[in-house]
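To be precise, the following lines are final22.tsv, and they hold TSV, C-alpha atoms and all ligand atoms.
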chain	number	residue	atom	x	y	z
H	298	MET	CA	47.53	23.98	42.60
H	299	SER	CA	44.58	21.59	42.21
H	300	ALA	CA	44.03	19.82	45.55
H	301	LEU	CA	42.31	16.88	43.84
H	302	PHE	CA	45.24	16.48	41.45
H	303	PHE	CA	47.80	16.40	44.24
H	304	LYS	CA	45.70	13.95	46.29
H	305	ARG	CA	45.39	11.57	43.34
H	306	PHE	CA	49.13	11.86	42.69
H	307	LEU	CA	49.81	10.80	46.30
H	308	LYS	CA	47.45	7.85	45.86
H	309	ARG	CA	48.80	6.64	42.45
H	310	PRO	CA	52.11	8.41	41.69
H	311	PHE	CA	53.09	6.21	38.71
H	312	GLN	CA	49.70	6.43	37.04
H	313	ILE	CA	49.22	10.17	37.55
H	314	ALA	CA	52.94	10.91	37.05
H	315	SER	CA	52.67	14.66	37.72
H	316	ILE	CA	51.89	16.78	40.77
H	317	VAL	CA	50.23	19.65	38.91
H	318	PRO	CA	47.87	19.82	35.93
H	319	SER	CA	49.08	21.20	32.57
H	320	SER	CA	49.62	24.97	32.39
H	321	LYS	CA	47.32	27.31	30.45
H	322	ALA	CA	50.11	27.82	27.89
H	323	LEU	CA	50.48	24.07	27.26
H	324	VAL	CA	46.71	23.60	27.06
H	325	GLU	CA	46.40	26.37	24.48
H	326	ARG	CA	49.29	25.09	22.39
H	327	VAL	CA	47.84	21.58	22.33
H	328	ALA	CA	44.36	22.85	21.40
H	329	ASP	CA	45.89	25.02	18.65
H	330	LYS	CA	46.94	21.78	16.92
H	331	ILE	CA	43.30	20.83	16.35
H	332	ASP	CA	41.28	22.04	13.39
H	333	PHE	CA	37.99	22.43	15.26
H	334	ASP	CA	36.04	23.24	12.09
H	335	GLY	CA	36.74	19.76	10.75
H	336	ALA	CA	36.77	17.69	13.95
H	337	ARG	CA	33.70	15.52	14.64
H	338	VAL	CA	35.17	12.95	17.05
H	339	ILE	CA	37.97	13.67	19.51
H	340	ALA	CA	39.23	11.25	22.17
H	341	GLU	CA	41.40	12.21	25.12
H	342	TYR	CA	43.55	9.77	27.10
H	343	GLY	CA	44.20	10.64	30.75
H	344	PRO	CA	42.31	13.92	31.11
H	345	GLY	CA	42.99	14.01	34.87
H	346	GLU	CA	41.01	16.88	36.36
H	347	GLY	CA	40.06	18.03	32.85
H	348	VAL	CA	42.24	21.05	32.08
H	349	HIS	CA	42.63	20.08	28.37
H	350	SER	CA	39.09	18.67	28.13
H	351	ARG	CA	37.53	21.99	29.16
H	352	GLU	CA	39.48	23.89	26.49
H	353	ILE	CA	38.67	21.29	23.81
H	354	ALA	CA	34.96	21.33	24.76
H	355	ARG	CA	35.00	25.14	24.74
H	356	ARG	CA	36.41	25.26	21.18
H	357	MET	CA	34.71	22.27	19.56
H	358	ARG	CA	31.62	22.36	17.36
H	359	ARG	CA	28.14	21.54	18.58
H	360	ASP	CA	28.13	18.31	16.59
H	361	CYS	CA	31.54	17.13	17.77
H	362	GLN	CA	31.86	14.37	20.38
H	363	LEU	CA	34.60	14.22	23.01
H	364	LEU	CA	35.40	10.85	24.60
H	365	LEU	CA	37.40	11.07	27.82
H	366	PHE	CA	39.25	7.93	28.97
H	367	GLU	CA	40.37	8.26	32.56
H	368	LEU	CA	41.56	5.35	34.69
H	369	ASP	CA	41.28	7.13	38.02
H	370	PRO	CA	37.76	6.84	39.54
H	371	ALA	CA	37.95	10.10	41.54
H	372	PHE	CA	38.99	12.11	38.46
H	373	SER	CA	36.28	10.36	36.43
H	374	ARG	CA	33.58	11.28	38.96
H	375	ASP	CA	34.77	14.87	38.95
H	376	LEU	CA	34.75	14.95	35.12
H	377	GLN	CA	31.21	13.53	35.09
H	378	ARG	CA	30.16	16.36	37.39
H	379	GLN	CA	31.91	19.04	35.31
H	380	PHE	CA	30.41	17.88	32.02
H	381	SER	CA	27.00	16.73	33.27
H	382	HIS	CA	25.32	19.50	31.23
H	383	ASP	CA	27.29	18.90	28.03
H	384	ALA	CA	25.84	15.98	26.02
H	385	ARG	CA	28.81	16.10	23.60
H	386	VAL	CA	31.22	14.90	26.30
H	387	HIS	CA	31.38	11.23	27.39
H	388	VAL	CA	33.44	10.24	30.42
H	389	ILE	CA	34.70	6.66	30.35
H	390	ASN	CA	36.30	5.47	33.58
H	391	ASP	CA	38.51	2.91	31.87
H	392	ASN	CA	41.82	2.24	30.20
H	393	ALA	CA	42.57	4.18	27.01
H	394	ALA	CA	43.42	0.80	25.47
H	395	ARG	CA	39.64	0.18	25.28
H	396	LEU	CA	39.12	2.99	22.78
H	397	LEU	CA	38.36	0.76	19.77
H	398	LEU	CA	35.78	-1.27	21.71
H	399	GLU	CA	34.18	1.91	22.99
H	400	LEU	CA	33.98	3.40	19.48
H	401	ARG	CA	32.37	0.21	18.19
H	402	ARG	CA	29.90	0.17	21.09
H	403	ARG	CA	28.85	3.72	20.26
H	404	GLY	CA	28.65	3.16	16.49
H	405	ILE	CA	31.50	5.59	15.79
H	406	ASP	CA	33.80	4.73	12.86
H	407	ALA	CA	36.96	6.56	13.85
H	408	CYS	CA	38.44	9.57	15.65
H	409	ASP	CA	39.68	12.69	13.91
H	410	TYR	CA	41.99	13.51	16.82
H	411	ILE	CA	43.32	11.67	19.84
H	412	VAL	CA	44.99	13.77	22.54
H	413	SER	CA	47.06	11.99	25.15
H	414	GLY	CA	48.27	13.07	28.58
H	415	ILE	CA	49.07	9.59	29.86
H	416	PRO	CA	52.67	8.87	30.87
H	417	PHE	CA	53.64	6.81	27.81
H	418	SER	CA	57.32	7.02	28.70
H	419	ILE	CA	56.87	4.86	31.80
H	420	LEU	CA	54.75	2.21	30.08
H	421	LYS	CA	56.44	-1.12	29.40
H	422	ILE	CA	57.45	-1.49	25.76
H	423	ASP	CA	54.76	-4.07	24.87
H	424	LYS	CA	51.97	-1.94	26.42
H	425	LYS	CA	53.32	1.15	24.71
H	426	ARG	CA	53.36	-0.51	21.29
H	427	THR	CA	49.91	-2.07	21.76
H	428	LEU	CA	48.42	1.28	22.72
H	429	LEU	CA	50.13	2.99	19.78
H	430	GLN	CA	48.73	0.35	17.39
H	431	LYS	CA	45.21	0.75	18.83
H	432	THR	CA	45.50	4.51	18.62
H	433	HIS	CA	46.58	4.28	14.97
H	434	ASP	CA	43.71	1.88	14.20
H	435	ALA	CA	41.17	4.16	15.89
H	436	LEU	CA	42.13	7.21	13.83
H	437	ALA	CA	40.48	8.17	10.54
H	438	SER	CA	42.76	8.46	7.49
H	439	GLY	CA	44.83	11.59	7.94
H	440	GLY	CA	43.78	11.71	11.62
H	441	ARG	CA	46.17	13.06	14.25
H	442	PHE	CA	47.49	11.80	17.54
H	443	ILE	CA	48.72	14.63	19.77
H	444	ILE	CA	50.82	13.94	22.85
H	445	TYR	CA	52.56	16.10	25.42
H	446	GLN	CA	55.38	14.45	27.33
H	447	VAL	CA	58.54	15.27	29.27
H	448	THR	CA	60.63	13.24	26.85
H	449	ASN	CA	60.26	12.78	23.12
H	450	GLU	CA	61.06	9.05	23.23
H	451	LEU	CA	57.69	7.99	21.78
H	452	LYS	CA	58.78	9.24	18.37
H	453	GLN	CA	61.10	6.26	17.94
H	454	HIS	CA	58.26	3.78	18.66
H	455	ALA	CA	55.50	5.47	16.69
H	456	THR	CA	56.85	4.50	13.28
H	457	LEU	CA	53.45	3.36	12.00
H	458	PHE	CA	52.42	7.01	11.66
H	459	GLN	CA	53.26	8.74	8.41
H	460	HIS	CA	54.46	12.00	9.85
H	461	ALA	CA	55.56	13.41	13.22
H	462	GLU	CA	56.37	16.93	14.24
H	463	SER	CA	57.43	18.20	17.66
H	464	GLU	CA	57.82	21.45	19.49
H	465	TYR	CA	58.96	22.23	23.00
H	466	CYS	CA	56.76	24.07	25.49
H	467	LEU	CA	58.84	25.71	28.20
H	468	GLN	CA	55.85	27.32	29.91
H	469	ASN	CA	54.86	24.24	31.88
H	470	ILE	CA	56.12	22.50	35.01
H	471	PRO	CA	57.98	20.49	33.85
H	472	PRO	CA	58.55	21.68	30.24
H	473	MET	CA	56.99	19.31	27.69
H	474	PHE	CA	57.42	18.16	24.11
H	475	ILE	CA	54.21	18.41	22.12
H	476	THR	CA	54.25	15.96	19.22
H	477	VAL	CA	51.65	15.55	16.50
H	478	PHE	CA	51.65	12.18	14.72
H	479	GLN	CA	49.65	11.87	11.56
H	480	LYS	CA	48.10	8.75	10.08
H	481	ALA	CA	48.53	8.26	6.34
H	482	PRO	CA	45.65	9.67	4.32
H	483	SER	CA	43.41	8.23	1.64
H	484	LEU	CA	42.41	11.54	0.14
H	485	ASN	CA	42.15	11.64	-3.66
H	486	GLY	CA	45.89	11.52	-4.00
H	487	ARG	CA	46.35	14.71	-1.98
H	488	GLU	CA	48.99	14.73	0.70
H	489	PRO	CA	47.56	15.51	4.16
H	490	SER	CA	50.77	17.31	4.97
H	491	GLU	CA	49.71	19.86	2.34
H	492	LEU	CA	46.37	20.14	4.08
H	493	TYR	CA	47.49	20.15	7.67
H	494	TRP	CA	51.11	21.14	8.16
H	495	THR	CA	50.61	24.35	6.26
H	496	ARG	CA	47.38	25.11	8.13
H	497	VAL	CA	48.80	24.63	11.63
H	498	PRO	CA	52.43	25.76	11.53
H	499	ALA	CA	54.86	24.51	14.17
H	500	ARG	CA	55.96	27.25	16.57
H	501	GLN	CA	59.29	25.95	17.66
H	502	SER	CA	60.77	22.82	16.16
H	503	ALA	CA	62.59	20.39	18.43
Q	1	LIG	C1	50.06	13.39	33.94
Q	1	LIG	S1	48.35	13.16	34.29
Q	1	LIG	C2	47.73	14.30	33.07
Q	1	LIG	C3	46.45	14.94	33.49
Q	1	LIG	C4	45.95	16.04	32.55
Q	1	LIG	N1	45.80	15.55	31.19
Q	1	LIG	C5	46.82	17.27	32.57
Q	1	LIG	O1	47.44	17.56	31.54
Q	1	LIG	O2	46.89	17.94	33.59
Q	1	LIG	C6	48.05	11.55	33.59
Q	1	LIG	C7	46.59	11.06	33.68
Q	1	LIG	O3	46.48	9.88	32.88
Q	1	LIG	C8	45.67	8.92	33.56
Q	1	LIG	N2	46.04	7.61	32.98
Q	1	LIG	C9	47.24	6.96	33.09
Q	1	LIG	N3	47.23	5.83	32.37
Q	1	LIG	C10	46.00	5.77	31.75
Q	1	LIG	C11	45.38	4.85	30.85
Q	1	LIG	N4	46.03	3.76	30.42
Q	1	LIG	N5	44.12	5.09	30.43
Q	1	LIG	C12	43.44	6.20	30.86
Q	1	LIG	N6	43.98	7.11	31.72
Q	1	LIG	C13	45.23	6.89	32.15
Q	1	LIG	C14	46.04	9.12	35.01
Q	1	LIG	O4	45.06	8.61	35.89
Q	1	LIG	C15	46.16	10.66	35.08
Q	1	LIG	O5	44.91	11.25	35.34

Target encoding structure tokens, full file:
Amino acid sequence: MSALFFKRFLKRPFQIASIVPSSKALVERVADKIDFDGARVIAEYGPGEGVHSREIARRMRRDCQLLLFELDPAFSRDLQRQFSHDARVHVINDNAARLLLELRRRGIDACDYIVSGIPFSILKIDKKRTLLQKTHDALASGGRFIIYQVTNELKQHATLFQHAESEYCLQNIPPMFITVFQKAPSLNGREPSELYWTRVPARQSA
């Protein structure tokens, strides 16, 4: 068990919302949802001690940028240390809700993927919807928002996305739903579902 993770959970139980980081199996299944050949900008909400970030950084291209939004200052310091030699990774010790401002500040148009580990299910409804709207706005056409959560309740709120597909990952404590939401495309009349859903097949539908 990560000592830092457990310490931060004791300090802010509702914000951290878990006593252990994601399992290797969950991390791999989430990363498998990303087409790393095509991804140039990836954002991650709530990386914690960085278990998903390390896998994403390991798989992503040299010209891809990874923006990590972490509210907790101790996790953020640790992430800065871990990625101090990787210029592709930017650690932002701030709320994920600031993503659009941060993109603008950095001259980035949009994200290809946004991966979220923040506890959406315990956010108040107005905060949840605002963050969903900002996430949708920050994605490129056809871009994907990938979340892993104990419940699948976000699906009912995320109606602004064109497509959603879930699977259940039992190999995590606790087991998690992984859901991929897709923003509508503007691609020469081609359906992104033809491009994406056939390329990354779901393992186990839920
Ligand atoms: C359940 S932990 C997940 C950690 C890690 N992604 C993993 O899978 O092990 C949730 C993380 O989200 C962070 N967090 C919660 N709300 C956030 C927000 N609005 N913006 C950025 N980070 C947030 C917490 O500080 C915590 O590190």

inquiry  = Restricting the calculation to only C-alpha atoms and all ligand atoms: of H:Gln362, H:Ser463, H:Thr427, H:Ser381, which residue gets closest to ligand LIG 1 (chain Q)?
reply    = H:Thr427

query = Which one is closest to ligand LIG 1 (chain Q): H:Leu398, H:Ile411, H:Ala455, H:Val317? Count only C-alpha atoms and all ligand atoms.
reply = H:Val317

ask   = Using all atoms listed in the file, which of the listed residues (H:Val327, H:Val388, H:Ala407, H:Cys361) sits closest to Phe474 (chain H)?
value = H:Val327

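Each of H:Ser350, H:Ser320, H:Ser299, H:Asn392 was checked against ligand LIG 1 (chain Q) using all atoms listed in the file; the smallest atom-to-atom distance is that of H:Asn392.
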
ask   = Got a sec to check which residues lie within 7 Å of ligand LIG 1 (chain Q), using all atoms listed in the file, and send them as a PyMOL selection string?
value = chain H and resi 312-315+317-319+342-349+366-369+372+391-394+414-416

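The closest residue to Ile443 (chain H), picked from H:Arg403, H:Lys330, H:Arg374, H:Arg385 and counting all atoms listed in the file, is H:Lys330.
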
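For Val447 (chain H), the non-local neighbours within 7 Å, defined as residues at least 4 positions apart in the same chain or in other chains and counting all atoms listed in the file, are Pro471, Pro472, Met473 and Phe474 of chain H.
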
task = Could you pull out every residue with an atom within 10 Å of (49.0, 12.3, 16.4), file coordinates, counting all atoms listed in the file, and send them as a ChimeraX atom specification?
result = /H:330,409-413,429,432-433,436,439-444,455,458-462,475-480

query = Any idea what the distance is between CA of Cys466 (chain H) and CA of Ala322 (chain H)?
reply = 8.0 Å

Pro370 (chain H): which residues within 10 Å, counting all atoms listed in the file, same-chain residues fewer than 5 positions away excluded, as a PDB file with C-alpha atoms, keeping the file's coordinate frame?
ATOM      1  CA  ARG H 305      45.390  11.570  43.340  1.00  0.00           C
ATOM      2  CA  ASP H 375      34.770  14.870  38.950  1.00  0.00           C
ATOM      3  CA  LEU H 376      34.750  14.950  35.120  1.00  0.00           C
ATOM      4  CA  ILE H 389      34.700   6.660  30.350  1.00  0.00           C
ATOM      5  CA  ASN H 390      36.300   5.470  33.580  1.00  0.00           C
ATOM      6  CA  ASP H 391      38.510   2.910  31.870  1.00  0.00           C
TER       7      ASP H 391
END

Can you take region 349-461 of chain H from the block and write C-alpha atoms as a compact mmCIF listing (two decimals), in the first residue's frame?
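Dumped everything to decode36.txt:
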# COMPACT_ATOMS: atom_id res chain seq x y z
CA HIS H 349 -2.31 6.16 -14.09
CA SER H 350 -0.07 9.10 -15.04
CA ARG H 351 3.05 6.92 -15.09
CA GLU H 352 1.40 4.39 -17.42
CA ILE H 353 0.04 7.13 -19.71
CA ALA H 354 3.45 8.85 -19.83
CA ARG H 355 5.13 5.50 -20.52
CA ARG H 356 2.85 4.81 -23.52
CA MET H 357 2.40 8.29 -24.98
CA ARG H 358 4.30 9.76 -27.92
CA ARG H 359 7.22 12.12 -27.58
CA ASP H 360 5.13 15.01 -28.88
CA CYS H 361 2.14 14.36 -26.62
CA GLN H 362 1.49 16.55 -23.57
CA LEU H 363 0.00 15.30 -20.31
CA LEU H 364 -1.66 17.82 -17.99
CA LEU H 365 -2.18 16.57 -14.44
CA PHE H 366 -4.75 18.40 -12.28
CA GLU H 367 -4.37 17.48 -8.64
CA LEU H 368 -5.97 19.40 -5.78
CA ASP H 369 -3.85 17.89 -3.03
CA PRO H 370 -0.56 19.80 -2.51
CA ALA H 371 1.40 16.81 -1.15
CA PHE H 372 0.44 14.62 -4.13
CA SER H 373 1.24 17.52 -6.47
CA ARG H 374 4.72 17.95 -4.99
CA ASP H 375 5.34 14.23 -5.32
CA LEU H 376 4.14 14.27 -8.96
CA GLN H 377 6.45 17.23 -9.70
CA ARG H 378 9.34 15.19 -8.32
CA GLN H 379 8.41 12.05 -10.28
CA PHE H 380 8.06 13.88 -13.60
CA SER H 381 10.79 16.50 -13.14
CA HIS H 382 12.77 14.94 -16.02
CA ASP H 383 9.81 14.60 -18.40
CA ALA H 384 9.06 17.90 -20.17
CA ARG H 385 5.85 16.43 -21.67
CA VAL H 386 4.18 16.25 -18.25
CA HIS H 387 2.76 19.36 -16.51
CA VAL H 388 1.60 19.15 -12.91
CA ILE H 389 -1.09 21.68 -11.99
CA ASN H 390 -1.90 21.86 -8.29
CA ASP H 391 -5.44 23.08 -8.85
CA ASN H 392 -9.04 22.11 -9.39
CA ALA H 393 -9.83 20.13 -12.55
CA ALA H 394 -12.56 22.73 -13.17
CA ARG H 395 -9.76 25.10 -14.27
CA LEU H 396 -8.88 22.96 -17.28
CA LEU H 397 -10.23 25.35 -19.93
CA LEU H 398 -8.36 28.32 -18.44
CA GLU H 399 -5.18 26.28 -18.24
CA LEU H 400 -5.50 25.16 -21.88
CA ARG H 401 -6.01 28.76 -22.97
CA ARG H 402 -3.02 29.92 -20.90
CA ARG H 403 -0.83 27.34 -22.60
CA GLY H 404 -2.14 28.03 -26.12
CA ILE H 405 -3.65 24.53 -26.43
CA ASP H 406 -6.90 24.25 -28.42
CA ALA H 407 -8.39 21.10 -26.95
CA CYS H 408 -7.68 17.71 -25.39
CA ASP H 409 -7.88 14.43 -27.24
CA TYR H 410 -8.49 12.52 -24.01
CA ILE H 411 -9.43 13.40 -20.46
CA VAL H 412 -9.01 10.69 -17.84
CA SER H 413 -10.67 11.18 -14.48
CA GLY H 414 -10.08 9.56 -11.10
CA ILE H 415 -11.89 12.19 -9.05
CA PRO H 416 -14.88 11.06 -6.98
CA PHE H 417 -17.61 12.47 -9.23
CA SER H 418 -20.29 10.49 -7.43
CA ILE H 419 -19.87 12.51 -4.24
CA LEU H 420 -19.86 15.91 -5.97
CA LYS H 421 -22.98 18.03 -5.55
CA ILE H 422 -25.17 17.96 -8.64
CA ASP H 423 -24.38 21.54 -9.76
CA LYS H 424 -20.60 20.98 -9.44
CA LYS H 425 -20.90 17.67 -11.24
CA ARG H 426 -22.78 19.19 -14.17
CA THR H 427 -20.46 22.20 -14.39
CA LEU H 428 -17.41 19.96 -14.49
CA LEU H 429 -19.02 17.73 -17.11
CA GLN H 430 -19.82 20.77 -19.27
CA LYS H 431 -16.24 22.08 -18.95
CA THR H 432 -14.86 18.65 -19.74
CA HIS H 433 -17.05 18.43 -22.85
CA ASP H 434 -15.99 21.94 -23.93
CA ALA H 435 -12.30 21.12 -23.44
CA LEU H 436 -12.41 18.04 -25.67
CA ALA H 437 -11.67 18.09 -29.41
CA SER H 438 -14.44 16.80 -31.72
CA GLY H 439 -14.60 13.06 -31.28
CA GLY H 440 -12.48 13.36 -28.11
CA ARG H 441 -13.01 10.96 -25.22
CA PHE H 442 -13.60 11.33 -21.52
CA ILE H 443 -12.62 8.21 -19.58
CA ILE H 444 -13.67 7.72 -15.98
CA TYR H 445 -13.32 4.92 -13.45
CA GLN H 446 -15.78 4.96 -10.58
CA VAL H 447 -17.41 2.67 -8.03
CA THR H 448 -20.86 3.50 -9.38
CA ASN H 449 -21.97 4.18 -12.93
CA GLU H 450 -24.27 7.05 -11.94
CA LEU H 451 -22.41 9.64 -14.04
CA LYS H 452 -23.87 8.11 -17.19
CA GLN H 453 -27.28 9.61 -16.43
CA HIS H 454 -25.80 13.13 -16.08
CA ALA H 455 -23.38 13.04 -19.00
CA THR H 456 -26.04 13.32 -21.68
CA LEU H 457 -24.15 15.99 -23.61
CA PHE H 458 -21.77 13.31 -24.87
CA GLN H 459 -22.75 11.48 -28.02
CA HIS H 460 -21.82 8.00 -26.92
CA ALA H 461 -20.99 6.15 -23.68
